[in-house]
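Engineer: Have a peek at protein36.cif (mmCIF, C-alpha atoms and all ligand atoms).
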```
data_query
#
loop_
_atom_site.label_atom_id
_atom_site.label_comp_id
_atom_site.auth_asym_id
_atom_site.auth_seq_id
_atom_site.Cartn_x
_atom_site.Cartn_y
_atom_site.Cartn_z
CA MET G 7 -14.57 150.36 26.42
CA SER G 8 -16.52 152.66 28.77
CA LYS G 9 -15.80 152.62 32.52
CA ILE G 10 -19.11 150.87 33.15
CA GLN G 11 -18.20 148.19 30.60
CA GLU G 12 -14.85 147.80 32.38
CA VAL G 13 -16.71 147.27 35.68
CA ALA G 14 -18.88 144.58 34.07
CA ALA G 15 -15.86 142.89 32.47
CA ALA G 16 -13.95 142.88 35.78
CA VAL G 17 -16.93 141.36 37.66
CA GLU G 18 -17.38 138.75 34.95
CA ALA G 19 -13.67 137.85 35.12
CA GLY G 20 -13.76 137.80 38.93
CA LYS G 21 -11.12 140.51 39.24
CA GLY G 22 -12.07 141.47 42.78
CA LYS G 23 -9.00 143.64 43.35
CA LEU G 24 -9.90 145.88 40.40
CA VAL G 25 -13.66 146.19 40.82
CA ALA G 26 -13.87 148.67 43.72
CA GLY G 27 -11.47 151.09 41.99
CA LEU G 28 -13.28 150.82 38.65
CA VAL G 29 -16.68 151.38 40.28
CA GLN G 30 -15.32 154.50 42.00
CA GLU G 31 -13.89 155.75 38.69
CA ALA G 32 -17.23 155.14 36.94
CA ILE G 33 -19.07 157.10 39.66
CA ASP G 34 -16.49 159.90 39.58
CA GLY G 35 -16.92 159.99 35.80
CA GLY G 36 -20.65 160.70 36.16
CA ALA G 37 -22.25 157.25 36.10
CA SER G 38 -25.14 156.76 38.52
CA ALA G 39 -25.04 154.07 41.23
CA THR G 40 -28.02 152.38 39.55
CA GLU G 41 -26.26 152.25 36.17
CA VAL G 42 -23.20 150.66 37.77
CA LEU G 43 -25.38 148.20 39.70
CA ASP G 44 -27.29 147.20 36.55
CA ALA G 45 -23.98 146.57 34.75
CA MET G 46 -22.78 144.31 37.58
CA ILE G 47 -26.10 142.42 37.65
CA GLY G 48 -25.79 141.96 33.88
CA ALA G 49 -22.27 140.60 34.34
CA MET G 50 -23.56 138.03 36.85
CA GLY G 51 -26.18 137.03 34.29
CA VAL G 52 -23.39 136.35 31.79
CA VAL G 53 -21.53 134.35 34.46
CA GLY G 54 -24.67 132.27 35.01
CA GLU G 55 -25.05 131.59 31.28
CA LYS G 56 -21.38 130.51 31.02
CA PHE G 57 -21.90 128.19 34.00
CA LYS G 58 -24.95 126.68 32.35
CA ALA G 59 -22.95 126.13 29.17
CA ASN G 60 -20.14 124.41 31.16
CA GLU G 61 -17.70 127.13 30.10
CA ILE G 62 -16.96 127.99 33.75
CA PHE G 63 -17.48 126.16 37.05
CA VAL G 64 -18.43 126.87 40.68
CA PRO G 65 -15.06 128.44 41.70
CA GLU G 66 -15.30 130.98 38.86
CA MET G 67 -18.91 131.79 39.84
CA LEU G 68 -17.72 132.31 43.40
CA VAL G 69 -14.90 134.73 42.49
CA ALA G 70 -17.30 136.68 40.26
CA ALA G 71 -19.72 136.89 43.20
CA ARG G 72 -16.97 138.14 45.50
CA ALA G 73 -15.91 140.71 42.91
CA MET G 74 -19.47 141.99 42.63
CA GLN G 75 -19.74 142.28 46.42
CA LYS G 76 -16.65 144.55 46.40
CA GLY G 77 -18.36 146.79 43.84
CA VAL G 78 -21.64 146.82 45.76
CA ALA G 79 -19.79 147.98 48.89
CA VAL G 80 -18.65 151.12 47.02
CA ILE G 81 -22.13 152.12 45.81
CA LYS G 82 -24.03 151.12 48.97
CA PRO G 83 -23.80 154.59 50.58
CA LEU G 84 -25.02 156.16 47.33
CA LEU G 85 -28.13 153.98 47.19
CA ALA G 86 -29.07 154.51 50.83
CA ASP G 87 -31.47 157.34 51.54
CA ALA G 88 -30.15 159.09 54.63
CA ASN G 89 -33.43 160.96 55.09
CA ALA G 90 -35.62 157.89 55.14
CA VAL G 91 -37.82 157.68 58.21
CA SER G 92 -38.44 154.35 59.90
CA ALA G 93 -41.07 152.46 57.95
CA GLY G 94 -41.03 149.56 60.41
CA LYS G 95 -38.97 146.53 61.31
CA ALA G 96 -38.23 143.67 58.92
CA ILE G 97 -36.19 140.49 58.67
CA ILE G 98 -34.67 138.88 55.59
CA GLY G 99 -32.93 135.62 54.77
CA THR G 100 -32.18 133.13 52.02
CA VAL G 101 -34.17 129.96 52.66
CA SER G 102 -32.82 126.65 53.88
CA GLY G 103 -30.39 124.86 51.55
CA ASP G 104 -29.65 127.97 49.50
CA LEU G 105 -26.31 129.81 49.77
CA HIS G 106 -26.88 132.61 47.24
CA ASP G 107 -26.79 136.00 48.93
CA ILE G 108 -25.97 138.77 46.44
CA GLY G 109 -29.58 139.37 45.42
CA LYS G 110 -30.75 139.03 49.02
CA ASN G 111 -28.11 141.56 50.12
CA LEU G 112 -29.26 144.01 47.44
CA VAL G 113 -32.89 143.59 48.47
CA CYS G 114 -31.83 144.12 52.10
CA MET G 115 -30.00 147.29 51.11
CA MET G 116 -32.92 148.71 49.12
CA ILE G 117 -35.47 147.90 51.82
CA GLU G 118 -33.18 149.56 54.36
CA SER G 119 -32.93 152.57 52.06
CA ALA G 120 -36.74 152.70 51.97
CA GLY G 121 -36.65 153.37 55.72
CA PHE G 122 -37.00 149.90 57.21
CA ASP G 123 -34.97 148.71 60.15
CA ILE G 124 -34.03 145.33 58.64
CA LYS G 125 -32.21 142.42 60.27
CA ASP G 126 -30.36 140.01 57.96
CA LEU G 127 -30.57 136.38 59.10
CA GLY G 128 -28.11 135.32 56.37
CA VAL G 129 -28.22 132.31 54.05
CA ASP G 130 -29.43 128.71 54.48
CA VAL G 131 -31.90 129.90 57.12
CA PRO G 132 -34.13 127.18 58.60
CA LYS G 133 -37.85 127.97 58.87
CA GLU G 134 -37.63 127.75 62.68
CA LYS G 135 -35.14 130.63 62.73
CA PHE G 136 -37.51 132.90 60.79
CA ILE G 137 -40.36 132.07 63.19
CA GLU G 138 -38.13 132.58 66.25
CA ALA G 139 -36.97 135.98 64.95
CA VAL G 140 -40.54 137.24 64.35
CA LYS G 141 -41.82 135.95 67.68
CA ALA G 142 -38.87 137.57 69.49
CA ASP G 143 -39.83 141.04 68.29
CA PRO G 144 -43.49 142.08 68.03
CA GLU G 145 -42.44 145.17 66.07
CA ILE G 146 -41.39 143.10 63.05
CA LYS G 147 -43.91 143.82 60.30
CA LEU G 148 -42.24 142.21 57.29
CA VAL G 149 -40.58 138.84 56.64
CA CYS G 150 -38.54 138.66 53.42
CA LEU G 151 -37.65 135.30 51.88
CA SER G 152 -35.16 134.86 49.03
CA ALA G 153 -34.47 131.73 46.95
CA LEU G 154 -32.25 131.37 43.88
CA LEU G 155 -32.56 127.68 43.10
CA THR G 156 -35.51 125.76 41.71
CA THR G 157 -34.46 123.08 44.22
CA THR G 158 -34.95 125.46 47.16
CA MET G 159 -38.41 126.65 46.08
CA PRO G 160 -39.92 123.83 48.20
CA ALA G 161 -37.97 125.20 51.20
CA MET G 162 -39.50 128.62 50.56
CA LYS G 163 -42.94 127.01 50.43
CA GLU G 164 -42.29 125.12 53.70
CA THR G 165 -41.01 128.30 55.34
CA ALA G 166 -44.05 130.33 54.29
CA GLU G 167 -46.39 127.56 55.41
CA ALA G 168 -44.62 127.23 58.77
CA LEU G 169 -44.77 131.01 59.29
CA ILE G 170 -48.51 131.01 58.51
CA GLU G 171 -49.07 127.97 60.75
CA ALA G 172 -47.22 129.76 63.60
CA GLY G 173 -49.63 132.70 63.31
CA VAL G 174 -47.01 135.10 62.00
CA LYS G 175 -49.47 136.67 59.53
CA GLU G 176 -51.32 138.27 62.44
CA GLN G 177 -48.15 140.28 63.04
CA ALA G 178 -46.24 140.53 59.76
CA LYS G 179 -46.51 140.30 55.97
CA ILE G 180 -44.48 137.84 53.90
CA LEU G 181 -42.57 139.12 50.85
CA VAL G 182 -40.82 136.66 48.54
CA GLY G 183 -38.49 136.84 45.55
CA GLY G 184 -35.49 135.42 43.72
CA ALA G 185 -34.77 134.36 40.15
CA PRO G 186 -37.05 131.27 39.96
CA ILE G 187 -39.90 132.83 41.97
CA THR G 188 -43.04 134.12 40.26
CA GLN G 189 -46.20 135.91 41.34
CA ALA G 190 -48.10 132.65 40.78
CA PHE G 191 -45.73 130.77 43.11
CA ALA G 192 -45.98 133.53 45.72
CA ASP G 193 -49.79 133.25 45.58
CA GLU G 194 -49.63 129.47 45.77
CA ILE G 195 -47.52 129.49 48.98
CA GLY G 196 -49.61 132.18 50.67
CA ALA G 197 -47.09 135.02 50.54
CA ASP G 198 -48.50 138.56 50.74
CA GLY G 199 -46.20 139.95 48.09
CA TYR G 200 -43.70 139.14 45.35
CA ALA G 201 -41.08 141.36 43.76
CA PRO G 202 -38.87 140.54 40.77
CA ASP G 203 -35.93 142.78 41.75
CA ALA G 204 -34.44 144.78 44.59
CA ALA G 205 -35.95 148.15 43.66
CA SER G 206 -39.47 146.74 43.35
CA ALA G 207 -38.96 144.78 46.59
CA ALA G 208 -38.50 148.11 48.40
CA GLU G 209 -41.65 149.49 46.75
CA LYS G 210 -43.62 146.36 47.61
CA ALA G 211 -42.34 146.44 51.20
CA LYS G 212 -43.69 149.99 51.64
CA GLU G 213 -46.99 149.01 50.02
CA LEU G 214 -47.41 145.97 52.31
CA VAL G 215 -46.52 147.80 55.53
CA LYS G 216 -48.60 150.96 55.37
CO1 LIG S 1 -25.35 129.46 41.70
N1 LIG S 1 -26.81 128.99 40.51
N2 LIG S 1 -25.24 127.62 42.33
N3 LIG S 1 -23.82 130.06 42.73
N4 LIG S 1 -25.42 131.06 40.73
C1 LIG S 1 -27.47 130.07 39.77
C2 LIG S 1 -28.64 130.63 40.57
C3 LIG S 1 -27.90 129.39 38.40
C4 LIG S 1 -29.13 130.04 37.73
C5 LIG S 1 -26.70 129.32 37.45
C6 LIG S 1 -27.06 128.63 36.13
O1 LIG S 1 -27.11 127.42 36.07
N5 LIG S 1 -27.30 129.40 35.09
C7 LIG S 1 -28.17 127.93 38.92
C8 LIG S 1 -29.59 127.63 39.40
C9 LIG S 1 -30.37 126.78 38.42
C10 LIG S 1 -31.73 126.48 38.92
O2 LIG S 1 -32.00 126.32 40.06
N6 LIG S 1 -32.63 126.39 37.97
C11 LIG S 1 -27.15 127.83 40.05
C12 LIG S 1 -26.66 126.60 40.57
C13 LIG S 1 -27.10 125.34 39.85
C14 LIG S 1 -25.80 126.54 41.69
C15 LIG S 1 -25.23 125.27 42.37
C16 LIG S 1 -26.23 124.12 42.55
C17 LIG S 1 -23.99 124.85 41.53
C18 LIG S 1 -23.32 123.57 41.99
O3 LIG S 1 -22.85 123.46 43.08
N7 LIG S 1 -23.32 122.63 41.07
C19 LIG S 1 -24.74 125.82 43.73
C20 LIG S 1 -25.81 125.76 44.83
C21 LIG S 1 -25.27 126.16 46.18
C22 LIG S 1 -26.40 126.36 47.19
O4 LIG S 1 -26.99 127.42 47.25
N8 LIG S 1 -26.74 125.31 47.94
C23 LIG S 1 -24.46 127.24 43.36
C24 LIG S 1 -23.48 128.01 43.98
C25 LIG S 1 -23.17 129.32 43.63
C26 LIG S 1 -22.01 130.09 44.26
C27 LIG S 1 -21.83 129.84 45.76
C28 LIG S 1 -20.72 129.67 43.53
C29 LIG S 1 -22.35 131.56 43.85
C30 LIG S 1 -23.14 132.36 44.95
C31 LIG S 1 -22.28 133.25 45.77
C32 LIG S 1 -23.09 134.20 46.61
O5 LIG S 1 -24.25 134.45 46.40
N9 LIG S 1 -22.40 134.72 47.61
C33 LIG S 1 -23.31 131.35 42.68
C34 LIG S 1 -23.65 132.37 41.74
C35 LIG S 1 -22.85 133.63 41.81
C36 LIG S 1 -24.69 132.20 40.78
C37 LIG S 1 -25.11 133.16 39.65
C38 LIG S 1 -24.04 133.08 38.55
C39 LIG S 1 -25.33 134.60 40.01
C40 LIG S 1 -26.31 134.83 41.17
C41 LIG S 1 -26.34 136.30 41.50
O6 LIG S 1 -25.72 136.72 42.45
N10 LIG S 1 -26.97 137.10 40.60
C42 LIG S 1 -26.51 132.53 39.20
C43 LIG S 1 -26.83 132.76 37.73
C44 LIG S 1 -27.74 133.95 37.51
O7 LIG S 1 -28.32 134.50 38.41
N11 LIG S 1 -27.93 134.27 36.29
C45 LIG S 1 -26.44 131.17 39.77
C46 LIG S 1 -26.99 138.54 40.72
C47 LIG S 1 -28.10 138.96 41.70
C48 LIG S 1 -28.14 140.47 41.82
O8 LIG S 1 -29.33 138.52 41.15
O9 LIG S 1 -29.61 136.80 42.95
O10 LIG S 1 -31.23 136.91 40.99
P1 LIG S 1 -30.35 137.60 41.96
O11 LIG S 1 -31.24 138.62 42.78
C49 LIG S 1 -32.13 139.52 42.17
C50 LIG S 1 -33.55 138.97 41.99
O12 LIG S 1 -33.61 137.54 41.92
C51 LIG S 1 -34.32 139.56 43.13
O13 LIG S 1 -33.68 140.81 43.36
C52 LIG S 1 -32.27 140.65 43.17
C53 LIG S 1 -31.68 141.97 42.74
O14 LIG S 1 -32.35 142.57 41.66
N12 LIG S 1 -34.42 138.90 44.42
C54 LIG S 1 -35.47 139.20 45.25
C55 LIG S 1 -33.59 138.05 45.09
N13 LIG S 1 -34.08 137.79 46.31
C56 LIG S 1 -35.23 138.49 46.44
C57 LIG S 1 -36.12 138.60 47.52
C58 LIG S 1 -37.24 139.44 47.35
C59 LIG S 1 -37.47 140.13 46.16
C60 LIG S 1 -36.58 140.03 45.10
O15 LIG S 1 -38.15 139.64 48.32
C61 LIG S 1 -37.88 139.19 49.62
#
```
Produce structure tokens that represent the structure in this file.
Ligand code: B1M
Structural biologist:
Amino acid sequence: MSKIQEVAAAVEAGKGKLVAGLVQEAIDGGASATEVLDAMIGAMGVVGEKFKANEIFVPEMLVAARAMQKGVAVIKPLLADANAVSAGKAIIGTVSGDLHDIGKNLVCMMIESAGFDIKDLGVDVPKEKFIEAVKADPEIKLVCLSALLTTTMPAMKETAEALIEAGVKEQAKILVGGAPITQAFADEIGADGYAPDAASAAEKAKELVK
């Protein structure tokens, strides 16, 4: 088993104590941060499939998530671009009712690496909090919304609509994403942009805030 496969297996098994060390060994052995990240994302995909098949339950999903976060902490400095100039201010959050944050944290990290000064509002963020944050700082040019559940897609829609209603679009662009989100849904709710993954979210962010 290669070191990268060991990282994926440890994330899948929720072996949080092992993951950081294995990630470091993989990097020291020549693997790129992106390769390690892709392996961990793949492992979470397997975890999701096992959950769907009733082979594992919420506690196992949670320990896998915590294990992945330990691995992400090791590669974070390698993904960040120290030379990035400020591209503008942004805020990010997972919409109301949704507690998933790994994808949102990765998007946050990549957008930060693209030169944005990004504030993380966390998970289960009510629409009012997004509006308050934008209104509090006229320099915010980008609002990023994440949702991982089909059941929280309506909350994303309500948040986007409330932001538009509050006149936020005169100040900032709205970028959305998350596993169940599509370009068609983004268009339907009036978002300015959609990205399927963290790397393209950073690209889209730069494109939207030129
Ligand atoms: Co949950 N969960 N979960 N879960 N969970 C999913 C999402 C699920 C697909 C699993 C499954 O059934 N196969 C399923 C949703 C089904 C659906 O809606 N159709 C599900 C469910 C049902 C649930 C609960 C309802 C389970 C229950 O209680 N019965 C519950 C809901 C809790 C709540 O939010 N209210 C729940 C709870 C949890 C945990 C708390 C245990 C844990 C989350 C821990 C945490 O995040 N700190 C968890 C986990 C870990 C998962 C899976 C296994 C992994 C999610 C993840 O981190 N993926 C997930 C299955 C899966 O994804 N295959 C699952 C890795 C991450 C890097 O990918 O988050 O997709 P992702 O992010 C990507 C892209 O989506 C995109 O970029 C990211 C990086 O490339 N992206 C954006 C994300 N945000 C973006 C924003 C952008 C642009 C791109 O622009 C702003």
Engineer: Give me the residues near segment 90-104 of chain G as a compact mmCIF listing (two decimals) with C-alpha atoms, in the frame of the given file, where near means some atom within 9 Å (using all atoms listed in the file) and where sequence neighbours in that chain fewer than 3 positions away do not count.
Structural biologist:
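Ended up saving to part.txt:
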```txt
# COMPACT_ATOMS: atom_id res chain seq x y z
CA ALA G 86 -29.07 154.51 50.83
CA ASP G 87 -31.47 157.34 51.54
CA ASP G 107 -26.79 136.00 48.93
CA LYS G 110 -30.75 139.03 49.02
CA ASN G 111 -28.11 141.56 50.12
CA VAL G 113 -32.89 143.59 48.47
CA CYS G 114 -31.83 144.12 52.10
CA ILE G 117 -35.47 147.90 51.82
CA GLU G 118 -33.18 149.56 54.36
CA SER G 119 -32.93 152.57 52.06
CA ALA G 120 -36.74 152.70 51.97
CA GLY G 121 -36.65 153.37 55.72
CA PHE G 122 -37.00 149.90 57.21
CA ASP G 123 -34.97 148.71 60.15
CA ILE G 124 -34.03 145.33 58.64
CA LYS G 125 -32.21 142.42 60.27
CA ASP G 126 -30.36 140.01 57.96
CA LEU G 127 -30.57 136.38 59.10
CA GLY G 128 -28.11 135.32 56.37
CA VAL G 129 -28.22 132.31 54.05
CA ASP G 130 -29.43 128.71 54.48
CA VAL G 131 -31.90 129.90 57.12
CA PRO G 132 -34.13 127.18 58.60
CA LYS G 133 -37.85 127.97 58.87
CA PHE G 136 -37.51 132.90 60.79
CA ALA G 139 -36.97 135.98 64.95
CA VAL G 140 -40.54 137.24 64.35
CA ASP G 143 -39.83 141.04 68.29
CA GLU G 145 -42.44 145.17 66.07
CA ILE G 146 -41.39 143.10 63.05
CA LYS G 147 -43.91 143.82 60.30
CA LEU G 148 -42.24 142.21 57.29
CA VAL G 149 -40.58 138.84 56.64
CA CYS G 150 -38.54 138.66 53.42
CA LEU G 151 -37.65 135.30 51.88
CA SER G 152 -35.16 134.86 49.03
CA ALA G 153 -34.47 131.73 46.95
CA LEU G 154 -32.25 131.37 43.88
CA LEU G 155 -32.56 127.68 43.10
CA THR G 157 -34.46 123.08 44.22
CA THR G 158 -34.95 125.46 47.16
CA MET G 159 -38.41 126.65 46.08
CA ALA G 161 -37.97 125.20 51.20
CA MET G 162 -39.50 128.62 50.56
CA THR G 165 -41.01 128.30 55.34
CA ALA G 178 -46.24 140.53 59.76
CA LYS G 212 -43.69 149.99 51.64
CA VAL G 215 -46.52 147.80 55.53
CA LYS G 216 -48.60 150.96 55.37
```
Engineer: Would you mind listing what lies within 6 Å of Asp198 of chain G as a PDB file with C-alpha atoms, in the frame of the given file, with all atoms listed in the file counted and same-chain residues fewer than 5 positions away left out?
Structural biologist:
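Result saved to selection23.pdb:
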```
ATOM      1  CA  LYS G 179     -46.510 140.300  55.970  1.00  0.00           C
ATOM      2  CA  ILE G 180     -44.480 137.840  53.900  1.00  0.00           C
ATOM      3  CA  LEU G 181     -42.570 139.120  50.850  1.00  0.00           C
TER       4      LEU G 181
END
```
Engineer: Out of G:Ala71, G:Ile170, G:Ile187, G:Ile81, which residue has the shortest atom-to-atom distance to ligand LIG 1 (chain S) when counting all atoms listed in the file?
Structural biologist: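 The shortest atom-to-atom distance to ligand LIG 1 (chain S) comes from G:Ala71.
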Engineer: Quick one: distance from atom C39 of ligand LIG 1 (chain S) to atom CA of Phe57 of chain G in Å, one decimal?
Structural biologist: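 We find that atom C39 of ligand LIG 1 (chain S) and atom CA of Phe57 of chain G lie 9.4 Å from each other.
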Engineer: Near Lys9 of chain G, counting only C-alpha atoms, which residues have an atom at most 8 Å away, once you skip same-chain residues fewer than 5 positions from it, shown as a list of chain:residue names?
Structural biologist: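 Skipping anything fewer than 5 positions along the chain leaves G:Leu28, G:Val29, G:Glu31, G:Ala32.
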Engineer: Could you check the closest approach to Val53 of chain G for each of G:Asp34, G:Asp203, G:Asp193, G:Glu18 and tell me which residue wins, using only C-alpha atoms?
Structural biologist: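 Residue with the minimum atom-to-atom distance to Val53 of chain G: G:Glu18.
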Engineer: Can you measure atom C36 of ligand LIG 1 (chain S) to atom CA of Met50 of chain G for me? One decimal in Å is fine.
Structural biologist: 7.1 Å
Engineer: From the set G:Glu12, G:Glu138, G:Glu55, G:Glu167, which residue has the shortest atom-to-atom contact distance to ligand LIG 1 (chain S), counting only C-alpha atoms and all ligand atoms?
Structural biologist: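 Closest to ligand LIG 1 (chain S) of all the choices is G:Glu55.
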Engineer: Mind giving me the axis-aligned box for ligand LIG 1 (chain S) with 8 Å on every side, centre plus edges in Å to one decimal, as JSON?
Structural biologist:
```
{"center_x": -29.4, "center_y": 132.6, "center_z": 42.4, "size_x": 33.4, "size_y": 35.9, "size_z": 30.5}
```
Engineer: For a quick check of understanding, using only C-alpha atoms and all ligand atoms, which of G:Gln177, G:Ser8, G:Thr156, G:Thr188 has the smallest distance to ligand LIG 1 (chain S)?
Structural biologist: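 Selected residue with least distance to ligand LIG 1 (chain S): G:Thr156.
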Engineer: Smallest atom-to-atom distance to ligand LIG 1 (chain S): which of G:Ala26, G:Ala37, G:Leu84, G:Val17, using all atoms listed in the file?
Structural biologist: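 The shortest atom-to-atom distance to ligand LIG 1 (chain S) comes from G:Val17.
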Engineer: Could you work out how far atom CA of Leu24 of chain G lies from atom N4 of ligand LIG 1 (chain S), giving the answer in Å with one decimal?
Structural biologist: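 Spanning atom N4 of ligand LIG 1 (chain S) to atom CA of Leu24 of chain G is a straight-line distance of 21.5 Å.
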Engineer: From the list G:Val25, G:Ala211, G:Val174, G:Ile108, which residue is nearest Ile47 of chain G when using only C-alpha atoms?
Structural biologist: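 For Ile47 of chain G, the nearest of the given residues is G:Ile108.
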Engineer: Can you tell me which residues surround Ala190 of chain G at a distance of at most 12 Å, considering all atoms listed in the file, apart from same-chain residues fewer than 6 positions away, and format the answer as a list in words?
Structural biologist: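 Non-adjacent residues within range: Val182, Gly183, Gly196, Ala197, Asp198, Gly199, Tyr200 and Ala201 of chain G.
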Engineer: Mind listing as number ranges by chain all residues within 10 Å of (-20.0, 142.3, 43.3), counting all atoms listed in the file?
Structural biologist: G: 13-14, 16-18, 20-22, 25-26, 43, 46-47, 49-50, 69-80, 108
